[in-house]
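Written below as structure tokens is the structure these notes are about.
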Amino acid sequence: MTYVTNSDLNQVSAKLSENQKPPGTLEIRNICKAFPNVIALKNVSLDIRPGEVLAFVGENGAGKSTLLKILNGDYQPDSGTISMDGQQLSFANPLEAHKAGVRVIYQEPEIIPGVDVAENIWVGELPKRFGFLDRKKLNEQVEKSLAEYGFSNVLPIHLMGDQLSAAQRQIVEIMRILKTGVKVLALDEPTSSLSDEEVDRLFTLVRKFRDDGIAIIYVSHRIKEILRLCDRVAILRDGELVAVRPAEELTDRDIVHLMVGRDLSDVFKRNPAMGAQEVLRVENLYSNWHQNINFHIQAGEVVGFAGLVGAGRTELAKVIFGDLKKNSGRVLIEGKEVSIRNANDAISKGIGLAPEDRKREGLILMRSVLENASMAIIKQLTRMHFVNRKKERSIAMDFIEKLNVRTPSLKQEVGKLSGGNQQKVVLARWLAAKPKLLILDEPTRGIDVGAKAEIYHLIDDLANQGLGIMFISSELPEILGLSDRIYVMQNGKITGELIGKEATEESILELAMADQMSDEKNTNPSTTPQEESPL
Amino acid sequence: MITHVQTYDKNSLEKKGFLNRVINFIGTDNLTLFLAWIVLVFLISVVSTWFGLSGGSKFFTWQNLMNSLAQAVVIVGLLAVGETVVIVAGGLDISVGSVASCGSVVAASVLVGIGTVGSLHIFPTGNTLVAILAGMLAGMIAGLLNGLVVTKLHVNATIATLGALAAFAGIAFLLAPDGKPIGVVTQPGFTWLAQGRLLQNMSIPALNGSKWTGIPVLTVILVFVTIIMHIVMRYTDFGRAIYAIGGNATAARLAGINVSRVKIGMFMISGSIAGLAGVLLAARTTSGNPINGQNLELQAITAVYLGGASTSGGKGTIFGTFLAVIMVGTLNNGMNLLGFNTFAQKVALGLLLIAAVAISQFRQSQAEKARK
Amino acid sequence: MITHVQTYDKNSLEKKGFLNRVINFIGTDNLTLFLAWIVLVFLISVVSTWFGLSGGSKFFTWQNLMNSLAQAVVIVGLLAVGETVVIVAGGLDISVGSVASCGSVVAASVLVGIGTVGSLHIFPTGNTLVAILAGMLAGMIAGLLNGLVVTKLHVNATIATLGALAAFAGIAFLLAPDGKPIGVVTQPGFTWLAQGRLLQNMSIPALNGSKWTGIPVLTVILVFVTIIMHIVMRYTDFGRAIYAIGGNATAARLAGINVSRVKIGMFMISGSIAGLAGVLLAARTTSGNPINGQNLELQAITAVYLGGASTSGGKGTIFGTFLAVIMVGTLNNGMNLLGFNTFAQKVALGLLLIAAVAISQFRQSQAEKARK
Amino acid sequence: AADAPLYVVINKSADQQYFIDLQNAFVAKTEELGGTAKKFDAKLDPALGVSLIDDAISAGAKGIAITVPDQTIGPAIAKAAKDAGVVLIATDDSIVDEAGAPVPFVGFDGKDMGKKVGEAAGKLLTEAGWLNDSAKKVGVLSVEVQTLSVCNDRTDNEKEQIKLVGVTDDQIFSVPYTGETLSSQDAAGPIITAHPEITNWVVFGCNDEGVLGTLNALATAGAKPDDIIGVGLGAYEACKPWAAGQPSGWKASLFISGLDVGNTAAQVLHDAVVNGVVPPEKSFAPTSIVDPTNYKDLMDAISVGNCSK
Ligand SMILES: Nc1ncnc2c1ncn2[C@@H]1O[C@H](COP(=O)(O)OP(=O)(O)OP(=O)(O)O)[C@@H](O)[C@H]1O
Ligand SMILES: Nc1ncnc2c1ncn2[C@@H]1O[C@H](COP(=O)(O)OP(=O)(O)OP(=O)(O)O)[C@@H](O)[C@H]1O
Ligand SMILES: [Mg+2]
Ligand SMILES: [Mg+2]
């Protein structure tokens, strides 16, 4: 493979003008791709150069993932070509892509439940001795690279695939690409379920690849990250490439404007109108995941829950929702103690939960948008067990439109929507249920800025309409921007409560990693990664 | 973008031409099956004669359509309809054959009485309706047991019903007086279920010289049950829950669906229908024989898959299953008309199943051509 | 939480005591099964006598262990081992019984010759090895066909093999001269496969007064195949690919595993083993009979699930299946010793399956107790 | 009686009424003779048949009576029994050992049964005089489990016999079924339909269930009982309409008493084991073609009782 030395790259990448093509440039030409009812990509042409990080941004359904899947030989383009140094790169399947040095991390981590982390990472390329699997070598090389990139303490290699949290799954996906012979790397929203700390680790890693002269495509909805990491930004809108610009020429407002075609006025507009009435109170709650949890949420209040991945926020949400068992403690709704044994109880008590992992817990992927949206209110829609489909359609349509879900029709299989639009369908379901308390676990994961802004406004509206909102998020800006109060969790405990003003990124992180400050030092992003040997 | 949605909906609203109506009713998935069936009928009734096979010409006679075909599909048809519910919910009920055996024996017992079984005395009721209800009740109880094992003991449905298959088969024999068949010839009211005809004296023209003899009661029962279940699956919250659970049980649970209760209900439904099938078996074979129903489960399951249900759940329709049952029935009927032997029949049945599913797969893959 | 995870880790590293080694080898999942088996043996050999049932005392005799039990489990055992591979990969091979039938007929044919089938002449080879290979080859071809239907025509494995079940059953009869069994008594070399004994003159003490008569060749073959497949599944990239595909086919595809090729390979393996089972059937029944192997598929599948494989794929071990086969064999053997009638036996078999799986489910749910 | 000799009775499908009778009679007789007995079911599976012989030997059986699921396993089980020094007799389906010598036999040979049924059908057909009546076209329905050689033995001989009275091959139609009534009924329907020219039917088959199914199908097709000659094999289904005094296609059936075979088998084994009598090569249990007029006299009380169950 043609490597370019770091030194001349650093000069190059600085002053490369749009039409220069150093050797090893990946040339994408007039790619078109249509799905039933949708045109995902229209004549997309651009270059990805070795030693640069090119950002793909665009609204949900803009076609980012589709382009990456084509690159990976997973989908075949309807027309158009991909080439490098004059030779065609058209892959019939991912294997051919790997052989050619193209590696893609998918938006939704694909994990094998029945095998452990080590094997999940090297599946397909397992080390062998005399033709037989060499477990010792496998574990060694995995432990080595995990240590090397500072993930060893969040990802025990003997955990089975089905025991992994969203975050751990994502880290496995990332580790899968740390293999030799990589020329082109594409990451599809790799940070959507990572804590800031882990994001930093990922970035050092990506930068190192760039310096090794690898061409990198980086898809994300987090514009701050993009400006931090990327050299150029390619903006897709409805499957068309609307602009490719050097990152330093762009502000986040520019990017948003190019993406959604309009300016987004104050993303976080939150005018607290806290009601006196208390919706939820939790007292001395203990569970297999939690110790002595105490908190309360007023009507009309947005209460943020911050913490590192694994702090136990998702589990807390599920305990309250009755899906996980609490061992002791009281849960009060509007002052009355309630016993919630399952989701059904929770819904009847006026609680809604939009879960963290939409694919595994949120949606029936093979069923229609309509059925998914009306699931939580189906009881109200039936008379003598017969569903009033007219009413169902109108209610569903109402929220689908409110949330701007991109779908050809209510009949569309949810599984065929883009990641972000899938998330919106989950929200539609719970908004339709009109709960008193709405628990949102990472509600904006994988959602584009436009939609995010809408959802923020929606949360604000809902709160103003008197809903209590439990807002779990790993994105500090939105936590800070939207919450009236913030609880910070760590390792199953609430380590602090911050009211409006006094909350800052620093104060949150302090509470979130109180007893880890020590080992934070050496994995700090700012320190240059000199100990990291190139692959 | 909002307009986007609306326009699409308009389309689907505009789609109201008659043909579209028909296709919508059949369901695009079932279309392949329907066409395949047409082809099959053509092969049997026309093409066969080109190869000098006699008998094919008799396919289109009332005698064959109404007396042979329409009745032969009933038992397996009922089992398959019940099975569809379970398979759509992502489960599998392998015990239906044995449950039918139980229904068969129980119905015959309460009908003609069998004196004493263990401590309880069973005297003849001679009442057909009581017999039917007894048979269905037996099936429902069997289904309830399946449901409890699956939901309370958390045994996977396939495994639970594999066990039940053996257990209920044994029980059917233990229910019958020392395992022997119970004759019901003496009960015209009961055998009428199998021999009765409706609309007999309607003036329908003869077909290939065989005159109209009415619609068998058996067939009417199958159609009736099919329609009921079609409505249940399509228009009730229970049906919705079945599809939801089959698609993603966790998501269904988190959306407030009481998964356990729905599953128990579904096994009770499939059990009751199997029980009914057993009752009709007794009427049709004029004997409540514990062997009745044995080995029918594979035929029923085959029909459900042939009807387009997904083995992983969440997909499948009662109507598709119904079509598949008719398809298989037509094949067996046709091959007997043409005088094929057992061996050839087995081969043909196997190839039909594979071919039909392969074709519909091909049609779908055309749509998702992109996917590798 | 971080410490939390690390402790997880340590535990699994500390587990290096001898007992843990043993448990690790058996596999914690298989442990339940193993204990259940011990209990079963205890019930048969000891408890039964408390209820005045005779025959249980005969369980621990070389005659029973070596001649009855050890031989009775071989055929289903082989089918189950092959089936395990397919089920772990998330598939299902319902055709194994019929494939065995074909293997049985083919082996007998090439052995004693059957003159002319259609255009090809089959003359006696009289060579056992050739017969074995022919039978396995027939099975492998059958498996290849299954594999091609599944991967090239994209027919779901369950459905494809349901079709193949019927088709191959028919073919087995068409292969045999007008469907009649082919006797092989004249071939001592061949029947030795079923009647031969190894280590006959080892000085092993008599057991309950029944003296050592050696280990049946059949049993040795089963154990041999089991060990091979255990190694293949655990230590080869083919085996690991099977687990990957069963767990998450997309992940496997994206990792560059050639899913189609692995699936074809797996069906060929399961086919060859079924073919071998058929050969041994011919040797054991001294006849290449096309009904050899019929209806064995459900028994084989039952064993695989009982052995801890998951119906959704990705989980299951050859060793677990092996234990399950012995378990079921023990049950049947014991009930015959005790003289249960066929009906009671069916009930007991069903309950065993459910109970065993329920127990292991219970054990697992203890772990995930929190989960609703 | 701990030291009472153990006898095991194995049948190819112990859930059919005939074998239920046979096994019950065997057990009763054995106990009357001071022995103990166990019942095994080979479920129509040849391999299982072989395994059950091993199980019987393990259980300590002194004598075994078996109706084989398939006659080809004869040599295998004969050897197993010989090696273990156990007395083996075949019931209803004769078998040979490795040397080709017949194993002592009790009951009726499948071929023999087929012959009797065929003869009876031929006789009834001749008496009816349909063959000479130009106005009538006769068709013969042979209800066959084509996958079971023991059934083929019966139906082949039935067809042979019917041809002796002047029926030609093109008048004989096979009805393939699996042994149960329903499958015979479903298979027969279309075959009947395919031959509307036939005015009168003769039906025989592998067992009463098969004939019953086909007779039901004929009834559905509108054939009159008077135009049908149905001859069963077993008589346990045939006698039910007779007992109910209903007109039906059943004109006769070969009554083979499982009770008699069971009794005789038990007696032969006991004599051999306890009294060292060498089992006779063939001991036939009484068998007779029964019809509505004489079945009450020719069949035993229990069997007659079942007719009105
Ligand atoms: N397999 C498929 N079948 C049908 N339509 C599809 C399929 N995959 C993607 N699409 C459609 O193609 C369009 C582009 O999807 P894609 O996933 O590339 O968007 P995206 O830019 O990744 O959005 P997000 O930011 O939400 O991930 C969407 O409208 C989506 O619904
Ligand atoms: N079987 C397991 N073994 C080890 N750790 C586990 C297991 N199951 C869950 N965990 C850990 O428990 C943590 C709690 O779950 P989760 O990560 O969802 O908490 P969270 O605070 O909601 O994090 P997130 O920011 O992802 O929402 C998981 O992150 C995971 O690391
Ligand atoms: Mg995407
Ligand atoms: Mg979480």
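Here, A, B, ... name the chains of the structure tokens in the order displayed, residue numbers run from 1 inside each chain, and ligands are numbered from 1 in the same displayed order.
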
With only C-alpha atoms as the counted atoms, please give the residues lying no more than 10 Å from Lys69 in chain A, apart from itself and same-chain residues fewer than 3 positions off, as number ranges by chain. A: 63-66, 72-77, 93-94, 104-106, 186, 188

Exercise answer, 10 Å around ligand 2 with only C-alpha atoms and all ligand atoms, as a PyMOL selection string: (chain A and resi 154-156+158-169+192-195+289-290+305-318+355-357+441-442+472-475+488-492) or (chain C and resi 1-9+367-368)

As a quick test: using only C-alpha atoms and all ligand atoms, which residues lie no more than 8 Å away from ligand 1? Give them as a ChimeraX atom specification. /A:34-41,57-68,107,188-189,220-221,236,238-239,406-407,415-422,446-448 /B:368,370-371

Expected file contents, prior selection, N, CA and C atoms, as a compact mmCIF listing (two decimals), in the first residue's frame:
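Result saved to out27.txt:
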```
# COMPACT_ATOMS: atom_id res chain seq x y z
N ALA A 34 -30.71 4.24 -4.93
CA ALA A 34 -32.13 4.43 -4.61
C ALA A 34 -32.64 3.20 -3.88
N PHE A 35 -33.52 3.43 -2.95
CA PHE A 35 -34.26 2.35 -2.29
C PHE A 35 -35.71 2.50 -2.66
N PRO A 36 -36.50 1.44 -2.45
CA PRO A 36 -37.93 1.60 -2.72
C PRO A 36 -38.45 2.88 -2.07
N ASN A 37 -39.04 3.73 -2.83
CA ASN A 37 -39.65 4.97 -2.32
C ASN A 37 -38.65 6.04 -1.90
N VAL A 38 -37.36 5.75 -1.88
CA VAL A 38 -36.41 6.76 -1.42
C VAL A 38 -35.20 6.80 -2.34
N ILE A 39 -34.76 8.01 -2.65
CA ILE A 39 -33.46 8.14 -3.31
C ILE A 39 -32.46 8.55 -2.25
N ALA A 40 -31.57 7.62 -1.89
CA ALA A 40 -30.66 7.85 -0.76
C ALA A 40 -29.48 8.70 -1.18
N LEU A 41 -28.97 8.51 -2.40
CA LEU A 41 -27.80 9.25 -2.87
C LEU A 41 -28.01 9.68 -4.33
N VAL A 57 -21.53 15.39 7.18
CA VAL A 57 -22.64 15.79 8.02
C VAL A 57 -23.89 15.90 7.16
N GLY A 58 -25.02 15.81 7.81
CA GLY A 58 -26.28 15.90 7.10
C GLY A 58 -27.40 15.46 8.00
N GLU A 59 -28.62 15.88 7.65
CA GLU A 59 -29.76 15.52 8.48
C GLU A 59 -29.97 14.01 8.46
N ASN A 60 -30.83 13.57 9.34
CA ASN A 60 -31.20 12.15 9.31
C ASN A 60 -31.74 11.81 7.94
N GLY A 61 -31.27 10.71 7.42
CA GLY A 61 -31.76 10.28 6.12
C GLY A 61 -31.08 10.97 4.96
N ALA A 62 -30.03 11.75 5.25
CA ALA A 62 -29.34 12.47 4.16
C ALA A 62 -28.59 11.49 3.27
N GLY A 63 -28.24 10.33 3.78
CA GLY A 63 -27.56 9.33 2.95
C GLY A 63 -26.16 8.99 3.42
N LYS A 64 -25.78 9.47 4.58
CA LYS A 64 -24.41 9.25 5.06
C LYS A 64 -24.11 7.76 5.22
N SER A 65 -24.95 7.10 5.97
CA SER A 65 -24.67 5.67 6.22
C SER A 65 -24.70 4.88 4.93
N THR A 66 -25.61 5.23 4.06
CA THR A 66 -25.69 4.51 2.80
C THR A 66 -24.38 4.61 2.03
N LEU A 67 -23.82 5.80 1.98
CA LEU A 67 -22.55 5.97 1.26
C LEU A 67 -21.47 5.09 1.89
N LEU A 68 -21.46 5.04 3.22
CA LEU A 68 -20.46 4.23 3.89
C LEU A 68 -20.68 2.74 3.60
N GLN A 107 -23.01 2.53 12.14
CA GLN A 107 -23.71 3.36 13.11
C GLN A 107 -24.25 2.52 14.26
N ASP A 188 -19.07 5.74 11.35
CA ASP A 188 -20.43 6.25 11.29
C ASP A 188 -20.94 6.50 12.70
N GLU A 189 -20.96 7.75 13.11
CA GLU A 189 -21.42 8.17 14.44
C GLU A 189 -20.83 7.28 15.54
N SER A 220 -20.84 12.32 11.87
CA SER A 220 -21.34 12.64 13.20
C SER A 220 -22.39 13.74 13.14
N HIS A 221 -23.21 13.76 14.17
CA HIS A 221 -24.17 14.85 14.32
C HIS A 221 -23.68 15.87 15.33
N LEU A 236 -24.12 16.74 3.23
CA LEU A 236 -25.12 16.08 2.40
C LEU A 236 -26.49 16.60 2.78
N ASP A 238 -30.51 15.56 1.67
CA ASP A 238 -31.40 14.72 0.86
C ASP A 238 -30.65 13.97 -0.23
N GLY A 239 -29.51 13.38 0.15
CA GLY A 239 -28.78 12.54 -0.78
C GLY A 239 -27.88 13.29 -1.73
N ARG A 406 -39.09 11.37 8.66
CA ARG A 406 -38.99 11.17 7.22
C ARG A 406 -39.36 9.74 6.88
N THR A 407 -40.57 9.59 6.39
CA THR A 407 -41.01 8.25 5.99
C THR A 407 -41.94 8.37 4.80
N GLY A 415 -37.75 -0.36 10.33
CA GLY A 415 -36.37 -0.80 10.15
C GLY A 415 -35.73 -0.16 8.93
N LYS A 416 -36.53 0.34 8.00
CA LYS A 416 -35.98 0.92 6.79
C LYS A 416 -35.79 2.42 6.91
N LEU A 417 -36.14 2.99 8.04
CA LEU A 417 -35.89 4.42 8.24
C LEU A 417 -34.45 4.62 8.66
N SER A 418 -33.96 5.83 8.48
CA SER A 418 -32.61 6.14 8.93
C SER A 418 -32.59 6.17 10.45
N GLY A 419 -31.39 6.02 10.99
CA GLY A 419 -31.25 5.93 12.44
C GLY A 419 -32.03 6.98 13.19
N GLY A 420 -31.84 8.23 12.78
CA GLY A 420 -32.47 9.32 13.51
C GLY A 420 -33.98 9.26 13.44
N ASN A 421 -34.48 8.93 12.27
CA ASN A 421 -35.94 8.88 12.13
C ASN A 421 -36.53 7.75 12.96
N GLN A 422 -35.76 6.69 13.12
CA GLN A 422 -36.24 5.62 13.99
C GLN A 422 -36.43 6.16 15.40
N GLY A 446 -27.82 9.88 17.96
CA GLY A 446 -27.93 9.64 16.53
C GLY A 446 -28.94 10.51 15.84
N ILE A 447 -29.21 11.66 16.37
CA ILE A 447 -30.19 12.54 15.76
C ILE A 447 -29.52 13.83 15.28
N ASP A 448 -29.93 14.31 14.10
CA ASP A 448 -29.23 15.47 13.53
C ASP A 448 -29.60 16.77 14.24
N GLU B 368 -35.19 -5.64 -2.71
CA GLU B 368 -34.00 -5.24 -1.94
C GLU B 368 -32.73 -5.65 -2.66
N ALA B 370 -30.32 -4.34 -3.75
CA ALA B 370 -29.07 -3.77 -3.22
C ALA B 370 -28.39 -4.73 -2.26
N ARG B 371 -29.16 -5.17 -1.25
CA ARG B 371 -28.59 -6.05 -0.20
C ARG B 371 -27.82 -7.21 -0.80
```

Can you list, as a ChimeraX atom specification, all residues belonging to range 65-295 of chain A that DSSP tags as helix (DSSP H, G or I)? /A:65-71,94-99,117-122,135-148,161-163,166-176,196-211,223-229,247-249,252-260

Strand (DSSP E or B) positions in range 72-129 of chain D, given as a list in words: Val87, Leu88, Ile89, Ala90, Thr91, Val96, Pro102, Phe105 and Val106 of chain D

Can I get the selection written as a JSON list (two decimals), in the first residue's frame, with N, CA, C and O atoms?
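Writing done, so here's part02.json:
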```json
[["chain", "number", "residue", "atom", "x", "y", "z"],
["D", 87, "VAL", "N", -35.19, -67.57, 24.23],
["D", 87, "VAL", "CA", -36.10, -68.16, 23.25],
["D", 87, "VAL", "C", -36.82, -67.05, 22.50],
["D", 87, "VAL", "O", -37.38, -66.13, 23.11],
["D", 88, "LEU", "N", -36.76, -67.10, 21.16],
["D", 88, "LEU", "CA", -37.40, -66.07, 20.34],
["D", 88, "LEU", "C", -38.47, -66.70, 19.46],
["D", 88, "LEU", "O", -38.24, -67.73, 18.85],
["D", 89, "ILE", "N", -39.68, -66.09, 19.48],
["D", 89, "ILE", "CA", -40.68, -66.51, 18.50],
["D", 89, "ILE", "C", -41.23, -65.28, 17.78],
["D", 89, "ILE", "O", -41.25, -64.19, 18.33],
["D", 90, "ALA", "N", -41.61, -65.52, 16.52],
["D", 90, "ALA", "CA", -42.17, -64.42, 15.71],
["D", 90, "ALA", "C", -43.68, -64.52, 15.72],
["D", 90, "ALA", "O", -44.23, -65.61, 15.65],
["D", 91, "THR", "N", -44.34, -63.38, 15.88],
["D", 91, "THR", "CA", -45.80, -63.39, 15.80],
["D", 91, "THR", "C", -46.24, -62.62, 14.57],
["D", 91, "THR", "O", -45.73, -61.52, 14.30],
["D", 96, "VAL", "N", -36.67, -64.99, 9.44],
["D", 96, "VAL", "CA", -35.66, -66.04, 9.36],
["D", 96, "VAL", "C", -34.39, -65.57, 10.06],
["D", 96, "VAL", "O", -34.17, -64.38, 10.20],
["D", 102, "PRO", "N", -36.24, -70.59, 9.34],
["D", 102, "PRO", "CA", -37.35, -69.83, 9.92],
["D", 102, "PRO", "C", -37.34, -69.84, 11.44],
["D", 102, "PRO", "O", -37.01, -70.86, 12.05],
["D", 105, "PHE", "N", -42.85, -69.70, 14.79],
["D", 105, "PHE", "CA", -43.81, -68.69, 14.39],
["D", 105, "PHE", "C", -45.19, -68.95, 14.99],
["D", 105, "PHE", "O", -45.65, -70.08, 15.04],
["D", 106, "VAL", "N", -45.81, -67.90, 15.48],
["D", 106, "VAL", "CA", -47.18, -68.01, 15.99],
["D", 106, "VAL", "C", -48.04, -66.97, 15.30],
["D", 106, "VAL", "O", -47.62, -65.81, 15.17]]
```

Looking at only C-alpha atoms and all ligand atoms, which of A:Ile455, A:Ala354, A:Ala97, A:Ile479 is the one that sits closest to ligand 4?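 Among the listed residues, A:Ala354 lies closest to ligand 4.
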
Define the interface residues of chain C facing chain D as those within 6 Å, counting only C-alpha atoms, and report them as a list in words.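 Therefore, the residues near the partner are Gly55, Gln63, Asn64, Ser68, Ala72, Thr285, Thr286, Ser287, Leu337, Gly339 and Thr342 of chain C.
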
Keeping only C-alpha atoms, write the selected residues to a file as a PDB file, in the first residue's frame.
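Saved result, part_11.pdb, follows:
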```pdb
ATOM      1  CA  GLY C  55     -36.089 -54.588  36.437  1.00  0.00           C
ATOM      2  CA  GLN C  63     -25.391 -56.339  29.184  1.00  0.00           C
ATOM      3  CA  ASN C  64     -27.676 -53.336  29.673  1.00  0.00           C
ATOM      4  CA  SER C  68     -28.745 -51.973  25.137  1.00  0.00           C
ATOM      5  CA  ALA C  72     -29.528 -47.631  21.209  1.00  0.00           C
ATOM      6  CA  THR C 285     -31.121 -53.776  10.941  1.00  0.00           C
ATOM      7  CA  THR C 286     -29.217 -56.038   8.485  1.00  0.00           C
ATOM      8  CA  SER C 287     -31.096 -54.323   5.672  1.00  0.00           C
ATOM      9  CA  LEU C 337     -36.499 -52.239  31.947  1.00  0.00           C
ATOM     10  CA  GLY C 339     -41.920 -52.255  31.823  1.00  0.00           C
ATOM     11  CA  THR C 342     -45.733 -47.115  25.364  1.00  0.00           C
TER      12      THR C 342
END
```

Should the cut-off be 7 Å, what would the residue list for chain B against chain C look like, counting only C-alpha atoms, as a ChimeraX atom specification? /B:153-155,159-160,163-164,166-171,173-174,302,305,343-344,346-351,353-354,357-358,361

Shell of 12 Å around Val182 in chain A, only C-alpha atoms, local chain residues under 3 positions omitted, as a ChimeraX atom specification: /A:1-3,24,50,97-104,176-179,185-186,209-210,212-216,534-535

Write the residues of the preceding selection, restricted to N, CA and C atoms, as a short mmCIF file (atom, residue, chain, number, x, y, z; two decimals), in the first residue's frame.
```
data_model
loop_
_atom_site.label_atom_id
_atom_site.label_comp_id
_atom_site.auth_asym_id
_atom_site.auth_seq_id
_atom_site.Cartn_x
_atom_site.Cartn_y
_atom_site.Cartn_z
N MET A 1 0.84 -1.21 0.00
CA MET A 1 0.00 0.00 0.00
C MET A 1 0.88 1.26 0.00
N THR A 2 0.36 2.29 -0.58
CA THR A 2 1.16 3.51 -0.77
C THR A 2 1.02 4.42 0.44
N TYR A 3 2.07 4.45 1.24
CA TYR A 3 2.05 5.35 2.41
C TYR A 3 2.78 6.64 2.09
N GLY A 24 -3.05 7.78 -3.35
CA GLY A 24 -3.82 7.16 -2.26
C GLY A 24 -5.11 7.90 -2.01
N PRO A 50 -5.47 10.80 1.60
CA PRO A 50 -4.72 10.17 2.69
C PRO A 50 -4.28 11.23 3.67
N ALA A 97 -13.66 -5.50 0.62
CA ALA A 97 -13.31 -4.17 1.12
C ALA A 97 -12.16 -4.26 2.11
N HIS A 98 -12.25 -5.20 3.04
CA HIS A 98 -11.17 -5.37 4.03
C HIS A 98 -9.85 -5.63 3.31
N LYS A 99 -9.91 -6.55 2.33
CA LYS A 99 -8.67 -6.92 1.63
C LYS A 99 -8.04 -5.70 1.00
N ALA A 100 -8.88 -4.78 0.51
CA ALA A 100 -8.36 -3.57 -0.14
C ALA A 100 -7.99 -2.50 0.89
N GLY A 101 -8.14 -2.82 2.17
CA GLY A 101 -7.73 -1.86 3.19
C GLY A 101 -8.80 -0.84 3.55
N VAL A 102 -10.06 -1.14 3.19
CA VAL A 102 -11.14 -0.23 3.55
C VAL A 102 -11.89 -0.80 4.76
N ARG A 103 -12.00 -0.02 5.81
CA ARG A 103 -12.68 -0.48 7.03
C ARG A 103 -13.75 0.53 7.42
N VAL A 104 -14.94 0.02 7.73
CA VAL A 104 -16.05 0.91 8.07
C VAL A 104 -16.64 0.49 9.41
N ARG A 176 -12.44 -3.14 16.41
CA ARG A 176 -12.39 -4.05 15.25
C ARG A 176 -11.55 -3.49 14.11
N ILE A 177 -11.42 -2.17 14.05
CA ILE A 177 -10.70 -1.61 12.90
C ILE A 177 -9.22 -1.46 13.17
N LEU A 178 -8.77 -1.75 14.40
CA LEU A 178 -7.35 -1.56 14.72
C LEU A 178 -6.55 -2.73 14.15
N LYS A 179 -6.52 -2.82 12.85
CA LYS A 179 -5.84 -3.94 12.21
C LYS A 179 -4.91 -3.40 11.14
N LEU A 185 -10.58 4.59 6.22
CA LEU A 185 -11.31 4.31 7.44
C LEU A 185 -12.56 5.16 7.45
N ALA A 186 -13.72 4.56 7.74
CA ALA A 186 -14.94 5.34 7.81
C ALA A 186 -15.65 5.02 9.11
N PHE A 209 -4.14 7.67 13.25
CA PHE A 209 -4.37 7.08 11.93
C PHE A 209 -4.12 8.10 10.84
N ARG A 210 -4.66 9.31 11.05
CA ARG A 210 -4.49 10.35 10.04
C ARG A 210 -3.00 10.59 9.81
N ASP A 212 -0.67 8.61 10.15
CA ASP A 212 -0.09 7.48 9.45
C ASP A 212 -0.45 7.49 7.96
N GLY A 213 -1.16 8.51 7.54
CA GLY A 213 -1.48 8.64 6.12
C GLY A 213 -2.69 7.84 5.69
N ILE A 214 -3.61 7.63 6.61
CA ILE A 214 -4.84 6.92 6.27
C ILE A 214 -5.94 7.93 5.98
N ALA A 215 -6.73 7.65 4.95
CA ALA A 215 -7.85 8.53 4.62
C ALA A 215 -9.03 8.17 5.51
N ILE A 216 -9.59 9.17 6.20
CA ILE A 216 -10.61 8.90 7.21
C ILE A 216 -11.89 9.67 6.92
N PRO A 534 2.61 2.93 16.21
CA PRO A 534 1.78 2.85 14.99
C PRO A 534 1.48 1.39 14.64
N LEU A 535 0.33 1.16 14.00
CA LEU A 535 -0.06 -0.23 13.67
C LEU A 535 0.78 -0.77 12.51
#
```

Based on only C-alpha atoms, which of the residues in chain A come within 6 Å of chain C? I want them as an MDAnalysis selection string. chainID A and resid 94:95 110 112:114 124 132:133 323:325 491

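Each of D:Asn306, D:Leu124, D:Asp271, D:Thr193 was compared to Ser54 in chain B using only C-alpha atoms, and D:Thr193 turns out to be the nearest.
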